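Participant: Structure file model.txt, compact mmCIF, C-alpha atoms, is pasted below:
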# COMPACT_ATOMS: atom_id res chain seq x y z
CA MET A 1 39.07 46.65 71.45
CA PHE A 2 42.29 46.02 69.58
CA GLY A 3 44.36 48.22 71.85
CA LYS A 4 46.55 51.04 70.59
CA ILE A 5 48.09 50.41 67.19
CA ASP A 6 51.87 50.75 67.35
CA GLU A 7 52.75 52.82 64.28
CA MET A 8 56.48 52.28 64.71
CA LYS A 9 55.93 48.54 64.59
CA ILE A 10 54.17 48.90 61.23
CA VAL A 11 56.99 51.14 59.99
CA LYS A 12 59.63 48.61 61.06
CA ILE A 13 57.93 45.58 59.53
CA ALA A 14 56.98 47.41 56.32
CA SER A 15 60.48 48.81 55.78
CA ILE A 16 62.13 45.40 56.33
CA VAL A 17 59.69 43.68 53.97
CA LEU A 18 59.90 46.39 51.29
CA ILE A 19 63.69 46.74 51.26
CA THR A 20 64.19 42.96 51.22
CA PHE A 21 61.69 42.70 48.37
CA VAL A 22 63.42 45.48 46.41
CA ILE A 23 66.91 44.00 46.89
CA VAL A 24 65.78 40.54 45.75
CA VAL A 25 63.47 41.56 42.90
CA GLY A 26 65.71 44.39 41.70
CA MET A 27 68.64 42.00 41.32
CA VAL A 28 66.86 38.83 40.17
CA ILE A 29 64.50 39.93 37.38
CA PRO A 30 66.37 39.31 34.11
CA MET A 31 67.15 42.10 31.67
CA VAL A 32 66.39 41.37 28.01
CA ALA A 33 66.49 43.48 24.85
CA VAL A 34 62.76 43.15 24.14
CA PRO A 35 60.73 42.28 27.27
CA GLN A 36 57.97 39.73 26.60
CA THR A 37 56.43 39.42 30.06
CA PHE A 38 55.98 41.54 33.16
CA TRP A 39 58.89 39.68 34.77
CA GLN A 40 61.55 41.10 32.48
CA PHE A 41 63.27 44.48 32.52
CA PRO A 42 64.36 46.14 29.26
CA LEU A 43 68.10 46.22 28.61
CA ILE A 44 68.98 49.86 27.94
CA PRO A 45 72.15 50.16 25.81
CA GLY A 46 74.91 51.94 27.71
CA LEU A 47 73.26 51.33 31.07
CA GLU A 48 72.67 47.56 30.87
CA GLU A 49 72.69 45.80 34.26
CA LYS A 50 73.84 48.99 35.95
CA ALA A 51 70.31 50.38 35.46
CA ARG A 52 69.41 48.38 38.57
CA ASN A 53 71.38 50.91 40.61
CA ILE A 54 68.36 53.21 40.23
CA PHE A 55 66.57 51.08 42.85
CA TYR A 56 69.27 51.70 45.48
CA HIS A 57 71.23 54.86 44.67
CA VAL A 58 68.26 57.17 44.01
CA PRO A 59 66.20 56.25 47.13
CA VAL A 60 69.28 56.84 49.30
CA ALA A 61 69.63 60.32 47.79
CA TRP A 62 65.91 60.92 48.29
CA VAL A 63 66.06 59.88 51.95
CA SER A 64 68.88 62.37 52.41
CA VAL A 65 66.61 65.21 51.18
CA LEU A 66 63.84 63.89 53.40
CA GLY A 67 66.18 64.12 56.41
CA PHE A 68 67.17 67.69 55.58
CA LEU A 69 63.53 68.78 55.12
CA ILE A 70 62.49 67.16 58.40
CA SER A 71 65.42 68.91 60.05
CA LEU A 72 64.14 72.20 58.61
CA TRP A 73 60.62 71.56 59.90
CA TYR A 74 61.70 70.74 63.46
CA GLY A 75 64.15 73.64 63.45
CA PHE A 76 61.15 75.83 62.65
CA ARG A 77 59.08 74.10 65.35
CA TYR A 78 61.85 74.73 67.89
CA LEU A 79 61.79 78.46 67.19
CA GLN A 80 58.01 78.41 67.62
CA THR A 81 57.84 76.39 70.82
CA ASN A 82 61.30 76.60 72.46
CA ASP A 83 60.83 72.91 73.23
CA PHE A 84 64.18 71.08 73.33
CA ASP A 85 62.56 67.94 72.01
CA ASN A 86 62.16 69.65 68.62
CA ASP A 87 65.87 70.50 68.65
CA LEU A 88 66.69 66.82 69.24
CA LYS A 89 64.40 65.78 66.38
CA SER A 90 65.95 68.38 64.09
CA VAL A 91 69.56 67.42 64.77
CA SER A 92 68.82 63.68 64.54
CA ALA A 93 67.16 64.13 61.15
CA ALA A 94 70.07 66.26 59.90
CA GLY A 95 72.59 63.63 61.06
CA LEU A 96 70.74 60.86 59.25
CA GLY A 97 70.33 63.05 56.17
CA PHE A 98 74.06 63.68 56.20
CA MET A 99 74.84 59.98 56.46
CA PHE A 100 72.57 59.15 53.52
CA CYS A 101 74.04 62.08 51.60
CA VAL A 102 77.50 60.53 52.01
CA LEU A 103 76.13 57.16 50.91
CA ALA A 104 74.50 58.71 47.83
CA THR A 105 77.84 60.33 46.94
CA VAL A 106 79.84 57.12 47.37
CA THR A 107 77.39 54.86 45.52
CA GLY A 108 77.02 57.48 42.78
CA SER A 109 80.78 57.63 42.44
CA ILE A 110 80.99 53.85 41.92
CA TRP A 111 78.22 53.99 39.34
CA ALA A 112 79.94 56.94 37.61
CA LYS A 113 83.15 54.94 37.28
CA PHE A 114 81.42 52.26 35.24
CA ASN A 115 79.06 54.52 33.31
CA TRP A 116 81.06 57.69 32.69
CA GLY A 117 84.59 56.32 33.11
CA SER A 118 85.70 58.22 36.17
CA PHE A 119 84.86 58.19 39.88
CA TRP A 120 84.35 61.93 39.77
CA ASN A 121 83.28 64.04 36.77
CA TRP A 122 82.14 67.35 38.31
CA ASP A 123 78.70 66.77 36.86
CA PRO A 124 76.34 69.53 38.20
CA ARG A 125 74.69 67.03 40.53
CA GLU A 126 78.05 65.89 41.85
CA THR A 127 79.03 69.51 42.42
CA SER A 128 75.76 70.27 44.19
CA ILE A 129 76.05 67.27 46.52
CA VAL A 130 79.53 68.42 47.55
CA ILE A 131 78.09 71.83 48.42
CA LEU A 132 75.31 70.14 50.40
CA LEU A 133 77.84 68.04 52.32
CA LEU A 134 79.83 71.19 53.11
CA ILE A 135 76.69 73.05 54.26
CA TYR A 136 75.70 70.26 56.65
CA GLY A 137 79.30 69.64 57.69
CA ALA A 138 79.35 73.27 58.80
CA TYR A 139 76.06 72.69 60.65
CA PHE A 140 77.64 70.04 62.86
CA ALA A 141 80.76 72.14 63.32
CA LEU A 142 78.54 75.01 64.44
CA ARG A 143 76.70 72.80 66.92
CA SER A 144 79.83 71.40 68.47
CA ALA A 145 81.35 74.88 68.77
CA LEU A 146 78.49 76.27 70.87
CA GLY A 147 78.48 75.39 74.54
CA SER A 148 75.23 76.74 75.88
CA ASP A 149 72.20 74.56 75.14
CA GLU A 150 69.85 77.49 74.61
CA VAL A 151 72.09 79.34 72.16
CA ARG A 152 73.08 76.16 70.35
CA ALA A 153 69.48 75.07 69.84
CA ARG A 154 68.36 78.52 68.62
CA LEU A 155 71.28 79.07 66.24
CA SER A 156 71.25 75.58 64.80
CA ALA A 157 67.48 75.81 64.30
CA VAL A 158 67.96 78.97 62.23
CA TYR A 159 70.86 77.35 60.37
CA SER A 160 68.87 74.18 59.66
CA ILE A 161 66.05 76.28 58.17
CA LEU A 162 68.46 78.18 55.89
CA ALA A 163 70.31 74.98 54.91
CA GLY A 164 67.06 73.09 54.36
CA LEU A 165 65.80 75.86 52.08
CA THR A 166 68.88 75.67 49.89
CA ALA A 167 68.82 71.84 49.70
CA PRO A 168 65.89 71.57 47.23
CA PHE A 169 67.56 74.17 45.04
CA PHE A 170 70.76 72.13 44.82
CA ILE A 171 68.92 68.87 44.30
CA PHE A 172 65.93 69.73 42.14
CA VAL A 173 66.67 73.04 40.42
CA MET A 174 70.38 73.52 39.74
CA PRO A 175 71.03 70.17 37.97
CA ARG A 176 68.18 70.94 35.54
CA LEU A 177 69.52 74.33 34.56
CA VAL A 178 72.98 73.20 33.54
CA GLY A 179 73.99 70.56 31.03
CA GLY A 180 75.34 67.41 32.66
CA LEU A 181 75.58 63.66 32.73
CA HIS A 182 72.65 62.81 34.99
CA PRO A 183 69.23 62.20 33.41
CA GLY A 184 67.09 65.33 33.29
CA ALA A 185 69.98 67.75 32.81
CA GLN A 186 69.60 70.65 30.37
CA GLY A 187 69.60 69.25 26.82
CA ASP A 188 68.65 65.70 27.84
CA THR A 189 66.13 64.44 25.28
CA SER A 190 65.07 61.24 27.04
CA GLY A 191 62.21 63.02 28.80
CA SER A 192 63.25 61.97 32.27
CA THR A 193 63.28 64.21 35.31
CA PRO A 194 66.24 64.39 37.66
CA VAL A 195 64.51 62.44 40.39
CA ALA A 196 62.22 59.83 38.83
CA GLN A 197 62.96 58.21 35.51
CA LEU A 198 59.48 58.74 34.12
CA HIS A 199 60.21 56.82 30.95
CA MET A 200 60.88 53.66 32.96
CA PRO A 201 58.56 50.76 32.14
CA LEU A 202 55.80 50.00 34.61
CA ASN A 203 57.51 47.08 36.35
CA MET A 204 60.74 49.04 36.97
CA ARG A 205 58.75 52.05 38.15
CA LEU A 206 56.88 49.82 40.59
CA VAL A 207 60.10 48.45 42.11
CA PHE A 208 61.55 51.99 42.16
CA PHE A 209 58.63 53.53 44.04
CA LEU A 210 58.43 50.59 46.45
CA SER A 211 62.11 51.19 47.09
CA LEU A 212 61.49 54.90 47.75
CA LEU A 213 58.72 53.96 50.17
CA GLY A 214 60.81 51.26 51.87
CA PHE A 215 63.83 53.51 52.36
CA SER A 216 61.62 56.38 53.60
CA LEU A 217 60.01 54.13 56.21
CA PHE A 218 63.45 52.81 57.16
CA PHE A 219 64.54 56.41 57.64
CA PHE A 220 61.67 57.01 60.09
CA TRP A 221 62.71 53.94 62.04
CA LEU A 222 66.37 55.03 62.30
CA TRP A 223 65.24 58.56 63.16
CA ASN A 224 62.96 57.25 65.91
CA VAL A 225 65.81 55.26 67.51
CA CYS A 226 68.17 58.22 67.18
CA VAL A 227 65.71 60.66 68.80
CA ARG A 228 65.08 58.24 71.67
CA ALA A 229 68.83 57.95 72.29
CA ALA A 230 69.17 61.74 72.19
CA ARG A 231 66.30 62.15 74.69
CA LEU A 232 67.93 59.63 77.02
CA GLU A 233 71.22 61.49 76.74
CA GLN A 234 69.55 64.77 77.58
CA THR A 235 67.69 63.32 80.57
CA ILE A 236 70.84 61.75 81.99
CA PHE A 237 73.11 64.74 81.51
CA SER A 238 70.59 67.33 82.70
CA ASN A 239 69.93 65.31 85.89
CA LYS A 240 73.63 65.08 86.64
CA GLN A 241 74.06 68.73 87.56
CA MET B 1 89.13 44.39 39.70
CA TYR B 2 87.96 47.08 37.26
CA GLU B 3 88.19 44.60 34.37
CA PHE B 4 86.13 42.05 36.25
CA LEU B 5 83.45 44.52 37.34
CA SER B 6 83.05 46.09 33.91
CA HIS B 7 82.37 42.64 32.46
CA ASN B 8 80.08 41.57 35.30
CA GLN B 9 78.00 44.65 35.82
CA LEU B 10 75.55 43.01 38.19
CA TYR B 11 78.41 43.01 40.69
CA VAL B 12 78.58 46.80 40.37
CA VAL B 13 74.99 46.85 41.64
CA LEU B 14 75.98 44.41 44.38
CA THR B 15 78.84 46.73 45.38
CA VAL B 16 76.42 49.66 45.59
CA THR B 17 73.97 47.78 47.82
CA LEU B 18 76.81 46.49 50.01
CA LEU B 19 78.11 50.04 50.44
CA ILE B 20 74.67 51.23 51.56
CA TRP B 21 74.48 48.29 53.97
CA ALA B 22 77.97 49.13 55.29
CA GLY B 23 76.90 52.73 55.90
CA ILE B 24 73.85 51.62 57.88
CA VAL B 25 75.95 49.18 59.95
CA PHE B 26 78.48 51.93 60.65
CA TYR B 27 75.67 54.20 61.83
CA LEU B 28 74.24 51.46 64.07
CA LEU B 29 77.67 50.78 65.62
CA ARG B 30 78.01 54.47 66.51
CA LEU B 31 74.52 54.54 68.02
CA ASP B 32 75.32 51.36 69.93
CA ARG B 33 78.46 52.93 71.39
CA LYS B 34 76.53 56.05 72.36
CA LEU B 35 73.91 53.94 74.15
CA SER B 36 76.62 51.97 76.00
CA ILE B 37 78.08 55.23 77.31
CA LEU B 38 74.62 56.36 78.41
CA GLU B 39 73.97 53.06 80.18
CA ARG B 40 77.25 53.34 82.06
CA GLU B 41 76.43 56.93 82.99
CA LEU B 42 72.97 55.93 84.21
CA LYS B 43 74.45 53.18 86.39
CA ARG B 44 76.93 55.66 87.86
CA ILE B 45 74.13 58.11 88.72
CA GLU B 46 72.01 55.41 90.35
CA ARG B 47 74.83 54.37 92.65
Please lay out the structure from this file as structure tokens.
Facilitator:
Amino acid sequence: MFGKIDEMKIVKIASIVLITFVIVVGMVIPMVAVPQTFWQFPLIPGLEEKARNIFYHVPVAWVSVLGFLISLWYGFRYLQTNDFDNDLKSVSAAGLGFMFCVLATVTGSIWAKFNWGSFWNWDPRETSIVILLLIYGAYFALRSALGSDEVRARLSAVYSILAGLTAPFFIFVMPRLVGGLHPGAQGDTSGSTPVAQLHMPLNMRLVFFLSLLGFSLFFFWLWNVCVRAARLEQTIFSNKQ
Amino acid sequence: MYEFLSHNQLYVVLTVTLLIWAGIVFYLLRLDRKLSILERELKRIER
């Protein structure tokens, strides 16, 4: 009766609306020492206005993990099915994850300059993101070094599974085990976890999770476009021979 | 620049969002170029 619902259309509209909302609200709501209403954020000493970075820096890092995990899943699917479409999905997700990983590093570095005094401090999380960038840098080097489609798809599927399995360790486990500057490191008494600042007040948490949702949906949109381009490329270049 | 930003910390947040935006634009430009190449290739095949 209503025809087929276009999920991608919902994803597009929702991501645009959510990210716009988060950018505006995250910047505009005033920060005061003792919030009186729902429309005020608390001013945390030491963080101050920079606390707003949580709404942008953390979701970008999260989307990067999402990309790597999706890459793992479709690498696994490729080995199961031998369907090249899964290889395209896997490599597109890894590429996007890599891009967001770079963005998380750069934005984190800017934040670090104003919070910790230096662009780079070799905090455990900073170290682990460098390792992640190297792992996925090697993934693309591996892909471009292999000529045959069959071999390239099989090897990079195996690699993406191995890399994707190490990613959660570097992001969720390692920074908790070692003392560091990020919230949630060993010895941090604020009660926060490395990913979500659980002690955030309700209104900040709301904006934060809407931001996570918005960026995740935006990721699926970019991924969709990227996969479609990759499919087109494959169709054109396999018909040429 | 550092002086200014450390006194106006909201602009640090603005810098962060602009960097994310720049990254997305960069990615789109690359995708755009890739699609242009594919379009040209498709036209060549059709001829």
Participant: Would you mind listing, for every residue of chain B within 9 Å of chain A, the two atoms forming the shortest contact and the distance between them in Å to one decimal, using all atoms listed in the file, sorted by chain and ascending residue number, as a Markdown table?
Facilitator:
| residue | atom | partner | partner_atom | distance |
| --- | --- | --- | --- | --- |
| B:Tyr2 | CA | A:Phe114 | CA | 8.6 |
| B:Leu5 | CA | A:Phe114 | CA | 8.3 |
| B:Ser6 | CA | A:Phe114 | CA | 6.5 |
| B:Asn8 | CA | A:Glu49 | CA | 8.6 |
| B:Gln9 | CA | A:Glu49 | CA | 5.7 |
| B:Leu10 | CA | A:Glu49 | CA | 5.6 |
| B:Tyr11 | CA | A:Lys50 | CA | 8.9 |
| B:Val12 | CA | A:Lys50 | CA | 6.8 |
| B:Val13 | CA | A:Asn53 | CA | 5.5 |
| B:Leu14 | CA | A:Met27 | CA | 8.3 |
| B:Thr15 | CA | A:Ile110 | CA | 8.2 |
| B:Val16 | CA | A:Thr107 | CA | 5.3 |
| B:Thr17 | CA | A:Tyr56 | CA | 6.6 |
| B:Leu19 | CA | A:Thr107 | CA | 6.9 |
| B:Ile20 | CA | A:Leu103 | CA | 6.1 |
| B:Gly23 | CA | A:Leu103 | CA | 6.7 |
| B:Ile24 | CA | A:Met99 | CA | 8.5 |
| B:Tyr27 | CA | A:Met99 | CA | 7.9 |
| B:Leu28 | CA | A:Leu222 | CA | 8.8 |
| B:Leu31 | CA | A:Cys226 | CA | 7.4 |
| B:Lys34 | CA | A:Ala229 | CA | 7.9 |
| B:Leu35 | CA | A:Ala229 | CA | 6.7 |
| B:Leu38 | CA | A:Glu233 | CA | 6.4 |
| B:Glu41 | CA | A:Ile236 | CA | 7.4 |
| B:Leu42 | CA | A:Ile236 | CA | 6.6 |
| B:Ile45 | CA | A:Lys240 | CA | 7.3 |
Participant: Which is closest to A:Ile131 among A:Phe170, A:Phe119, A:Ala93, A:Phe68, if we use only C-alpha atoms?
Facilitator: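 The closest residue to A:Ile131 is A:Phe170.
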Participant: Any idea what the distance is between atom CA of A:Leu43 and atom CA of A:Asn121?
Facilitator: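 Distance reported for this atom pair: 24.8 Å.
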Participant: Neighbouring residues of A:Leu88 were defined as those with any atom within 7 Å, considering only C-alpha atoms; residues of the same chain fewer than 4 positions away were excluded. Please report them as a ChimeraX atom specification.
Facilitator: /A:84,92,227,230
Participant: Would you compute, for all listed atoms of stretch 39-44 of chain B, the axis-aligned bounding box grown by 8 Å on each side, and then report its centre and edge lengths in Å rounded to one decimal, as AutoDock Vina command-line options?
Facilitator:
--center_x 75.1 --center_y 55.0 --center_z 84.0 --size_x 20.3 --size_y 19.9 --size_z 23.7
Participant: Quick one: residues within 7 Å of A:Ile19, only C-alpha atoms, excluding same-chain residues fewer than 6 positions away - as a list in words?
Facilitator: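 Counting only the stated atoms, we get Ser211, Gly214 and Phe215 of chain A.
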Participant: Next, dump the selected residues to file, keeping only C-alpha atoms, as a compact mmCIF listing (two decimals), in the coordinates of the input.
Facilitator:
# COMPACT_ATOMS: atom_id res chain seq x y z
CA SER A 211 62.11 51.19 47.09
CA GLY A 214 60.81 51.26 51.87
CA PHE A 215 63.83 53.51 52.36
Participant: With distances taken over only C-alpha atoms, which of A:Leu18, A:Arg228, A:Gly97, A:Gln40 is nearest to A:Asp85?
Facilitator: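 Going through A:Leu18, A:Arg228, A:Gly97, A:Gln40 one by one, the smallest distance to A:Asp85 is for A:Arg228.
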Participant: For atom CA of A:Arg152 and atom CA of A:Asp87, determine how far apart the two atoms are, in Å to one decimal place.
Facilitator: 9.3 Å
Participant: Rounded to one decimal in Å, what is the spacing between atom CA of A:Gly137 and atom CA of A:Phe219?
Facilitator: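 Atom-to-atom, atom CA of A:Gly137 and atom CA of A:Phe219 are spaced 19.8 Å apart.
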Participant: Using all atoms listed in the file and a cutoff of 8 Å, can you tell me which residues are near (65.5, 70.3, 70.1) in the file's coordinates, and write them out as a list in words?
Facilitator: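 Checking each residue against the 8 Å limit leaves Tyr74, Gly75, Tyr78, Asn82, Asp83, Phe84, Asp85, Asn86, Asp87, Leu88, Lys89, Ser90, Val91 and Ala153 of chain A.
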